[in-house]
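Asker: Starting off with a structure, shown below.
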Number of protein chains: 6
Amino acid sequence: MESVQKTANRIRRLEVKGARNVAIAALQALKLLAEGTKSKSREEFLLEISGAKDLLFSTRPTEPLMRNGVNWVLLNVKWSEKKRVKDLGRVVSSSTCEFLRSLEISRECIAENGSKRIRDGMVVFTHCRSSTVTHMIRKAKQTGKDFEVICTETRPVFQGRNTAKEMLDLGLKTTLIVDSAARSVMKETDLVIVGADAITSEGNVVNKIGTATIAVLAREARVPFYVVSELLKFDPETLSGEYETIEERGRDEVWKDAPKKLKVRNPAFEVTRRDYIHGIICEEGVVPPHIVVEIMQRKYSWIF
Amino acid sequence: MESVQKTANRIRRLEVKGARNVAIAALQALKLLAEGTKSKSREEFLLEISGAKDLLFSTRPTEPLMRNGVNWVLLNVKWSEKKRVKDLGRVVSSSTCEFLRSLEISRECIAENGSKRIRDGMVVFTHCRSSTVTHMIRKAKQTGKDFEVICTETRPVFQGRNTAKEMLDLGLKTTLIVDSAARSVMKETDLVIVGADAITSEGNVVNKIGTATIAVLAREARVPFYVVSELLKFDPETLSGEYETIEERGRDEVWKDAPKKLKVRNPAFEVTRRDYIHGIICEEGVVPPHIVVEIMQRKYSWIF
Amino acid sequence: MESVQKTANRIRRLEVKGARNVAIAALQALKLLAEGTKSKSREEFLLEISGAKDLLFSTRPTEPLMRNGVNWVLLNVKWSEKKRVKDLGRVVSSSTCEFLRSLEISRECIAENGSKRIRDGMVVFTHCRSSTVTHMIRKAKQTGKDFEVICTETRPVFQGRNTAKEMLDLGLKTTLIVDSAARSVMKETDLVIVGADAITSEGNVVNKIGTATIAVLAREARVPFYVVSELLKFDPETLSGEYETIEERGRDEVWKDAPKKLKVRNPAFEVTRRDYIHGIICEEGVVPPHIVVEIMQRKYSWIF
Amino acid sequence: MESVQKTANRIRRLEVKGARNVAIAALQALKLLAEGTKSKSREEFLLEISGAKDLLFSTRPTEPLMRNGVNWVLLNVKWSEKKRVKDLGRVVSSSTCEFLRSLEISRECIAENGSKRIRDGMVVFTHCRSSTVTHMIRKAKQTGKDFEVICTETRPVFQGRNTAKEMLDLGLKTTLIVDSAARSVMKETDLVIVGADAITSEGNVVNKIGTATIAVLAREARVPFYVVSELLKFDPETLSGEYETIEERGRDEVWKDAPKKLKVRNPAFEVTRRDYIHGIICEEGVVPPHIVVEIMQRKYSWIF
Amino acid sequence: MESVQKTANRIRRLEVKGARNVAIAALQALKLLAEGTKSKSREEFLLEISGAKDLLFSTRPTEPLMRNGVNWVLLNVKWSEKKRVKDLGRVVSSSTCEFLRSLEISRECIAENGSKRIRDGMVVFTHCRSSTVTHMIRKAKQTGKDFEVICTETRPVFQGRNTAKEMLDLGLKTTLIVDSAARSVMKETDLVIVGADAITSEGNVVNKIGTATIAVLAREARVPFYVVSELLKFDPETLSGEYETIEERGRDEVWKDAPKKLKVRNPAFEVTRRDYIHGIICEEGVVPPHIVVEIMQRKYSWIF
Amino acid sequence: MESVQKTANRIRRLEVKGARNVAIAALQALKLLAEGTKSKSREEFLLEISGAKDLLFSTRPTEPLMRNGVNWVLLNVKWSEKKRVKDLGRVVSSSTCEFLRSLEISRECIAENGSKRIRDGMVVFTHCRSSTVTHMIRKAKQTGKDFEVICTETRPVFQGRNTAKEMLDLGLKTTLIVDSAARSVMKETDLVIVGADAITSEGNVVNKIGTATIAVLAREARVPFYVVSELLKFDPETLSGEYETIEERGRDEVWKDAPKKLKVRNPAFEVTRRDYIHGIICEEGVVPPHIVVEIMQRKYSWIF
């Protein structure tokens with residue numbers, strides 16, 4: 001349980017960042033736990049990994065990719081009719097591997113599908129940092145296309161600077177702006193692409209604060225707005241009516257020496273409604289956000 | 001001429017900031033110049049202050065309030081039939097004083113008119129820093145109203161932090177957010193108030209980058225959006241077809257250690273179209289932006 | 001003073017209704033007061049009519065037409081250099097007559113201008129009851145045009161039923177609907193025409209609750225929306241920043257036997273923003289709402 | 001057949017109101033008919049209940065919930081290979097019970113899902129009366145949340161007054177307004193929730209007149225708009241191109257003593273397009289209206 | 001192969017026009033090829049029809065109906081376990097027939113479903129020429145409905161004139177306008193119906209240049225906009241991220257004697273986004289464009 | 001009178017085209033008439049030119065520039081206290097010259113003001129043909145700017161082809177499209193500039209059919225839309241409520257061999273509402289369309 005505890009702490013302290021990385025870390029911790037378990041019976045083992053799940057889930061208000069991954073592993077254990085702890089441990093290992101491999105495949109499919117949306121000579125706008133977006137842009141560059149990228153700096157923690165560096169490393173002509181200059185450059189933008197932290201049953205997308213504003217500005221200027229995301233970022237809780245919880249982070253991220261009396265609000269994410277989203281680029285292809293919940297029913301019905 | 005040169009330098013180096021302060025500094029330099037002139041004739045004197053004007057105008061791409069002020073003084077000198085340099089110097093002094101006094105009166109009128117728009121219990125949203133907005137909010141507070149203020153931090157140079165401090169000093173409950181969180185708080189906002197750097201003949205307003213985005217978001221949520229401005233920020237050049245020049249400032253303001261290859265764009269201002277503006281709160285009262293050019297024809301026809 | 005008191009009471013108790021009728025009643029009371037005054041001096045007389053003004057103004061939160069009328073009479077008295085009370089009384093009489101006559105002329109001009117907007121075969125939609133709208137429709141009918149009228153019933157006090165009767169009396173094919181069926185008939189509507197209680201300096205129009213919704217629905221279906229109003233319904237207080245006060249009427253108007261615990265809100269008017277208004281049809285002609293404040297400066301500068 | 005006839009009459013005379021109640025009454029009549037049938041053969045029995053169906057369908061232009069329910073029972077009879085009338089009667093009984101029980105379960109699921117959308121401190125706006133909406137709000141209140149409700153009166157027959165009473169009975173702070181005051185209170189509204197009479201294949205919702213206007217106003221002010229409905233209110237006829245019939249009710253409902261010449265139009269329902277609807281809250285969860293027809297294919301394919 | 005070559009040429013030279021006709025011609029050529037094949041083995045035969053496919057696909061940038069049809073035939077051959085060329089030829093014949101027959105049935109279903117959307121007295125607006133639209137309008141006319149049709153002329157090759165003639169032949173009151181007069185007649189239009197060349201995975205529709213503008217104008221005036229299309233016009237390539245290729249045709253179509261230096265752009269098609277489309281009228285019924293990709297998964301999963 | 005008759009005929013037969021050319025021709029005919037008059041008295045002369053006016057006005061439903069010009073000359077004659085016909089003839093000559101010269105000056109001012117709106121590297125979109133637009137673009141080109149122009153062909157009489165030739169003659173890179181391809185190129189457009197036939201009191205602009213659609217599309221893509229026009233195209237009749245008459249031209253312009261039964265509608269102009277117009281570029285400068293009526297009151301009050 002120690003490794004799970006450690007991983008949970010690292011996730012909680014934001015030492016692991018990004019929906020994908022959080023999911024990978026959690027699953028690997030689970031795998032380690034199963035490999036080193038001292039449980040004596042199926043019952044004991046089930047209790048142990050249930051506890052691990054609770055610990056991992058408590059780290060963040062929402063992280064559907066991680067939650068879906070952990071649930072997948074637990075379901076496999078429950079579905080298994082094995083009695084021996086050792087065998088159950090193998091189920092954990094294999095289903096963990098399976099999930100991680102499928103994540104990898106999804107990422108490739110997304111990059112494949114999404115890269116076709118980028119045309120030679122385009123100006124692509126992105127916000128914050130998303131490994132999936134970067135991977136897709138890398139793919140587009142590798143196919144020999146020549147295009148430019150505009151990044152916002154993404155306050156408060158400047159993830160956009162990292163994106164900018166990645167784009168430069170790919171050999172792309174890259175421009176960085178402050179977040180509130182997005183409207184100024186929208187006219188010369190051909191395509192907006194952002195990542196996602198969660199997708200809701202209504203087809204809305206949860207992503208870094210600022211995303212919805214960019215979506216509004218893209219629509220105002222008739223610029224296509226795409227979200228790049230694994231389908232497993234779908235949050236099944238939203239189907240049953242739950243709101244997506246929006247994490248409020250610390251005031252220090254925004255202003256270290258803020259006057260004490262000053263209230264500093266620091267919502268880390270926000271919801272972009274489906275109406276602003278041209279398409280979700282996922283492992284299934286490019287689809288309207290409205291139907292994600294139906295695709296989930298068809299492809300990943302176990303998550304409900 | 002030395003004092004004019006010095007003032008021009010201070011303006012150029014952004015040591016004097018804000019349309020009002022720039023105008024005041026320029027006019028005071030002009031007054032000093034006139035008081036210490038060594039010109040021998042009306043012609044020589046006219047040449048001297050013309051030179052001063054050119055110097056002052058060269059400091060910034062646009063600063064209509066300063067330009068209108070300087071032009072006002074020059075016009076008075078030209079209109080005067082005085083021959084003696086001493087007398088013309090007095091014309092400079094008196095018209096300078098007159099302009100500055102009228103600026104003062106405008107500010108009070110604006111505060112008076114604008115403060116009535118703030119009601120008890122309201123949440124007022126503002127962007128960047130404007131001495132006119134602050135003065136108006138002070139007035140509203142002094143009349144005993146209780147309300148809250150939300151400030152953006154206003155990247156890249158965080159002027160919003162100063163606004164936040166001013167609001168706290170006024171005893172107001174104040175919240176600070178990063179610029180891209182504006183949409184998140186718009187639903188709970190009752191009123192948006194911003195300042196202006198220039199007003200165009202089409203009724204558009206030039207103000208700090210980010211303003212137009214906030215205007216778009218305010219309209220999206222049916223929140224009234226007002227601009228607080230002296231009418232003399234009207235730029236007569238725009239009537240004859242000129243675009244308002246948008247100053248691009250240095251990359252260091254945005255990111256000190258940006259990779260060299262990275263292009264950093266840093267437009268300091270942007271245009272907010274009249275359609276998004278409920279009213280201009282000026283010395284004349286609360287008026288639609290569309291008619292500012294007609295009010296100028298009626299009240300300040302000398303600027304054309 | 002008795003007649004003024006009586007009139008004030010009748011206005012307060014809503015026995016006199018409609019902006020025009022209220023203005024007429026108030027001015028006639030003022031005239032009677034002046035004719036029967038017992039004041040001995042100019043000072044005493046001024047005090048008397050000032051008192052009358054206060055009394056009349058206290059009857060309703062806003063009634064700009066009445067207020068502008070009463071102010072006009074008072075201004076004439078103040079401008080007059082007459083000393084004798086009798087002469088001042090004559091000033092009251094004559095300026096009252098002048099105002100009422102000019103109201104009459106405005107009404108005719110408005111009817112003349114507005115009736116041209118109605119074409120043969122049109123379906124005209126109106127809300128609530130406005131004597132100016134009725135007069136204009138009568139004019140259109142008298143010129144031999146054949147058209148239909150749709151009236152809302154106008155809850156809570158069903159003024160629309162009276163409008164419907166007036167339309168039938170004019171020999172027009174008339175349809176009545178409940179207020180919330182407006183959107184259902186908007187597609188077949190060719191023209192929306194409503195009256196006004198006040199016009200603000202921003203070019204907005206205050207009129208019966210429900211008006212703004214109809215304006216929104218008209219714009220949604222690309223149906224022209226016109227306001228018919230005397231320019232003297234302009235409220236000069238709004239220029240100096242005041243909000244137009246929206247009267248809340250009694251709960252009994254809405255539901256006589258409402259449960260005590262139930263809160264009943266009954267706002268009688270609401271603001272329709274200039275963006276929704278194609279034109280104000282006034283004595284000056286058909287003009288954009290944006291410029292009403294400039295027309296006032298040109299034609300009725302005494303009201304400021 | 002008598003009991004079916006009676007029920008049909010009660011439905012026709014609006015003595016049974018609301019889509020749920022109509023469906024329940026019709027199914028119970030069917031059950032009674034089957035229990036007391038005097039048919040001698042399968043053929044005769046099939047004819048008898050077919051007749052009952054025609055009678056029930058003729059009561060209202062559309063009532064998809066009732067129609068789907070009756071069709072469900074008939075399908076079960078047809079699918080059954082039983083020959084004896086007694087056995088077929090049992091099929092009617094059991095499938096009726098099944099349908100009614102599933103309606104009950106749907107209602108609970110909807111209340112469960114929907115109540116999570118209501119947060120502490122919210123102002124919830126509703127229109128007309130819907131037992132499903134009331135049930136959902138009751139659930140939210142029972143979970144200990146504190147919130148307010150605004151009801152329209154809902155002309156012409158004031159169903160909103162009943163809703164207001166129900167809300168008061170639940171111990172909620174409740175406000176009632178006339179229908180045309182909806183826009184006035186929209187700014188302070190956090191959530192709009194309405195019921196449905198039918199859902200079309202395009203994802204549009206048929207509900208009480210006034211609903212679409214409220215949806216437009218909600219969108220204008222960025223207020224979420226949800227529809228609460230059993231999926232079986234889906235009308236399969238619309239898939240094959242039929243328009244949803246909008247019932248026009250009597251003029252007396254609107255104005256008892258209306259002048260004879262006056263045309264009174266009284267459409268009872270109207271269509272709200274999917275673009276205005278954030279989500280349908282149904283037994284399946286919270287879903288975009290666009291995919292209802294696909295969910296029906298998956299869950300209730302027998303209705304096509 | 002000769003017949004395929006001939007057909008390919010006729011398609012390339014636009015002698016065969018319209019998505020349906022192109023598909024039919026291509027399939028018939030394929031059938032002829034199979035009937036007259038001289039291939040000796042399954043392998044040889046597969047190579048031969050593969051070559052035919054490449055030839056046919058090269059004629060136009062996109063023609064999803066033709067491509068889906070050809071792919072259907074090829075898939076059937078591949079799925080077949082037959083070895084003998086003769087037997088495989090029969091597979092080509094039968095699957096070709098099957099596809100063409102299903103096209104015929106789809107057309108009838110579409111006409112059936114769509115004709116119900118046309119009501120007595122309506123004004124129906126259409127653009128360009130579509131045999132499916134014409135068939136549907138014919139159906140509506142045959143059911144005894146009386147309605148009018150407005151056609152655009154559809155520059156550059158005036159297909160709208162043919163549509164106008166067809167409408168007159170059906171006995172319908174028909175009006176023709178230049179393309180840019182569409183907005184002028186939109187107010188009196190009750191329904192817009194157009195055909196489609198392709199449907200994308202995002203639910204967008206590719207159709208004749210001018211279609212998207214009409215869709216924008218229809219929405220601006222709250223006029224329903226429907227697309228009539230066989231589902232097999234869905235282009236599976238778009239799911240994997242491909243843009244729909246927009247064919248640019250020759251300059252002579254636009255201006256025979258254009259000055260040489262003049263650039264003439266002649267895009268033949270354009271994309272209309274799903275947001276503007278009320279429904280796709282297809283063989284499945286009337287559905288939101290958003291779910292077409294899901295319907296394809298359910299009904300025609302072989303195309304992916 | 002013969003020359004007036006001849007000119008009137010040429011205008012009627014569209015041999016003189018364009019608002020400016022029509023005005024010039026009419027005024028020159030008037031001048032000729034006055035120079036060759038055989039009238040014996042002031043009265044007779046007044047009657048003669050009144051007749052000429054009626055003849056000229058009857059040629060076209062609206063032509064405000066011509067009407068304002070003719071009225072200007074007549075007013076000068078009436079205002080003149082001269083008695084001798086010869087002297088009055090001189091008044092006609094001089095006021096005609098004055099008007100034509102002022103038209104010339106306006107054109108230069110407009111070109112001066114408007115050319116500043118065109119920036120190096122821009123893509124400018126225009127519709128139909130306007131000598132004022134061409135003159136302004138020439139000016140911009142002469143100042144050394146490099147930019148591209150996109151012209152529509154402008155059905156039905158292809159005036160856009162002439163514009164395209166003019167643009168090529170100016171040495172500009174020019175593209176021609178069919179009217180319905182406007183939306184396809186709007187994304188790459190930086191500026192739309194069109195001429196005007198009339199300006200109404202509401203600030204709307206009457207121009208060639210297709211203009212309003214382009215305005216809608218420009219707004220949809222956030223592209224600035226400007227109208228270039230002499231202020232004297234203002235139509236004073238619209239202030240008094242008249243609709244701008246929209247000329248319907250012959251069916252042959254659209255389709256020479258149209259089937260007889262086919263109704264061909266050919267509206268030559270249409271109204272573009274002020275909301276879509278960024279500014280009117282006129283001799284006064286760049287102004288919002290809303291205030292044109294107020295500028296007319298200030299500068300050309302004689303036209304009312």
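Residues in the structure tokens are named by chain (A, B, ... in the order shown) and by number from 1 within that chain; ligands are numbered from 1 in the order shown.
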Give me the residues within 9 Å of Ile246 in chain D as a ChimeraX atom specification, counting only C-alpha atoms and dropping any in the same chain fewer than 4 places off.

Answerer: /D:61-62,206,267-271

Asker: Could you list, with a cut-off of 12 Å and counting only C-alpha atoms, the residues of chain F near chain B, each shown with its nearest atom pair and the distance in Å rounded to one decimal, rows sorted by chain and ascending number, as JSON lines?

Answerer:
{"residue": "F:Cys109", "atom": "CA", "partner": "B:Ser240", "partner_atom": "CA", "distance": 8.7}
{"residue": "F:Ile110", "atom": "CA", "partner": "B:Ser240", "partner_atom": "CA", "distance": 8.9}
{"residue": "F:Ala111", "atom": "CA", "partner": "B:Gly241", "partner_atom": "CA", "distance": 9.8}
{"residue": "F:Glu112", "atom": "CA", "partner": "B:Ser240", "partner_atom": "CA", "distance": 7.8}
{"residue": "F:Asn113", "atom": "CA", "partner": "B:Gly241", "partner_atom": "CA", "distance": 4.5}
{"residue": "F:Gly114", "atom": "CA", "partner": "B:Gly241", "partner_atom": "CA", "distance": 5.8}
{"residue": "F:Ser115", "atom": "CA", "partner": "B:Gly241", "partner_atom": "CA", "distance": 7.6}
{"residue": "F:Lys116", "atom": "CA", "partner": "B:Gly241", "partner_atom": "CA", "distance": 5.4}
{"residue": "F:Arg117", "atom": "CA", "partner": "B:Gly241", "partner_atom": "CA", "distance": 5.9}
{"residue": "F:Ile118", "atom": "CA", "partner": "B:Gly241", "partner_atom": "CA", "distance": 9.4}
{"residue": "F:Arg119", "atom": "CA", "partner": "B:Tyr243", "partner_atom": "CA", "distance": 9.5}
{"residue": "F:Met136", "atom": "CA", "partner": "B:Gly241", "partner_atom": "CA", "distance": 11.7}
{"residue": "F:Ala140", "atom": "CA", "partner": "B:Gly241", "partner_atom": "CA", "distance": 11.8}
{"residue": "F:Gly203", "atom": "CA", "partner": "B:His290", "partner_atom": "CA", "distance": 11.6}
{"residue": "F:Arg219", "atom": "CA", "partner": "B:Asp275", "partner_atom": "CA", "distance": 11.8}
{"residue": "F:Arg222", "atom": "CA", "partner": "B:Arg273", "partner_atom": "CA", "distance": 11.0}
{"residue": "F:Pro224", "atom": "CA", "partner": "B:Arg273", "partner_atom": "CA", "distance": 10.6}
{"residue": "F:Tyr226", "atom": "CA", "partner": "B:Glu202", "partner_atom": "CA", "distance": 11.0}
{"residue": "F:Val228", "atom": "CA", "partner": "B:Gly241", "partner_atom": "CA", "distance": 11.7}
{"residue": "F:Arg274", "atom": "CA", "partner": "B:Asp275", "partner_atom": "CA", "distance": 11.1}
{"residue": "F:Asp275", "atom": "CA", "partner": "B:Asp275", "partner_atom": "CA", "distance": 8.2}
{"residue": "F:Tyr276", "atom": "CA", "partner": "B:Asp275", "partner_atom": "CA", "distance": 10.1}
{"residue": "F:Ile277", "atom": "CA", "partner": "B:Glu202", "partner_atom": "CA", "distance": 10.2}
{"residue": "F:His278", "atom": "CA", "partner": "B:Glu202", "partner_atom": "CA", "distance": 7.3}
{"residue": "F:Gly279", "atom": "CA", "partner": "B:Glu202", "partner_atom": "CA", "distance": 6.3}
{"residue": "F:Ile280", "atom": "CA", "partner": "B:Glu202", "partner_atom": "CA", "distance": 8.9}
{"residue": "F:Ile281", "atom": "CA", "partner": "B:Gly241", "partner_atom": "CA", "distance": 8.0}
{"residue": "F:Cys282", "atom": "CA", "partner": "B:Ser240", "partner_atom": "CA", "distance": 9.4}
{"residue": "F:Glu283", "atom": "CA", "partner": "B:Ser240", "partner_atom": "CA", "distance": 9.0}
{"residue": "F:Glu284", "atom": "CA", "partner": "B:Leu239", "partner_atom": "CA", "distance": 7.7}
{"residue": "F:Gly285", "atom": "CA", "partner": "B:Leu239", "partner_atom": "CA", "distance": 4.8}
{"residue": "F:Val286", "atom": "CA", "partner": "B:Leu239", "partner_atom": "CA", "distance": 5.1}
{"residue": "F:Val287", "atom": "CA", "partner": "B:Glu202", "partner_atom": "CA", "distance": 5.1}
{"residue": "F:Pro288", "atom": "CA", "partner": "B:Glu202", "partner_atom": "CA", "distance": 5.1}
{"residue": "F:Pro289", "atom": "CA", "partner": "B:His290", "partner_atom": "CA", "distance": 8.7}
{"residue": "F:His290", "atom": "CA", "partner": "B:His290", "partner_atom": "CA", "distance": 7.0}
{"residue": "F:Ile291", "atom": "CA", "partner": "B:Ile291", "partner_atom": "CA", "distance": 6.6}
{"residue": "F:Val292", "atom": "CA", "partner": "B:Glu294", "partner_atom": "CA", "distance": 9.9}
{"residue": "F:Val293", "atom": "CA", "partner": "B:Glu294", "partner_atom": "CA", "distance": 11.0}
{"residue": "F:Glu294", "atom": "CA", "partner": "B:Glu294", "partner_atom": "CA", "distance": 7.9}
{"residue": "F:Ile295", "atom": "CA", "partner": "B:Glu294", "partner_atom": "CA", "distance": 7.7}
{"residue": "F:Met296", "atom": "CA", "partner": "B:Glu294", "partner_atom": "CA", "distance": 11.3}
{"residue": "F:Gln297", "atom": "CA", "partner": "B:Glu294", "partner_atom": "CA", "distance": 11.2}
{"residue": "F:Arg298", "atom": "CA", "partner": "B:Gln297", "partner_atom": "CA", "distance": 9.5}
{"residue": "F:Lys299", "atom": "CA", "partner": "B:Gln297", "partner_atom": "CA", "distance": 11.3}

Asker: As a PyMOL selection string, list the residues of range 139-296 of chain C assigned to alpha helix (DSSP H) by DSSP on the backbone atoms of this structure.

Answerer: chain C and resi 139-142+159-169+182-186+211-220+236-239+292-296

Asker: Compile the contact shell of Arg155 in chain B as an MDAnalysis selection string: residues with an atom at most 8 Å away, counting only C-alpha atoms, same-chain residues fewer than 4 positions apart removed.

Answerer: (chainID A and resid 178:180) or (chainID B and resid 159 179 254)

Asker: Take the residues that were just selected and, keeping C-alpha atoms, output them as a compact mmCIF listing (two decimals), in the first residue's frame.

Answerer:
# COMPACT_ATOMS: atom_id res chain seq x y z
CA VAL A 178 -0.66 36.63 -23.12
CA ASP A 179 -4.03 34.95 -22.62
CA SER A 180 -6.03 38.10 -23.13
CA GLN B 159 -1.84 46.76 -13.47
CA ASP B 179 -7.49 37.34 -17.05
CA VAL B 254 5.68 38.93 -21.39

Asker: As a count of residues only, please: the residues near Val70 in chain C (cut-off 9 Å, only C-alpha atoms, same-chain neighbours under 2 positions excluded).

Answerer: 15
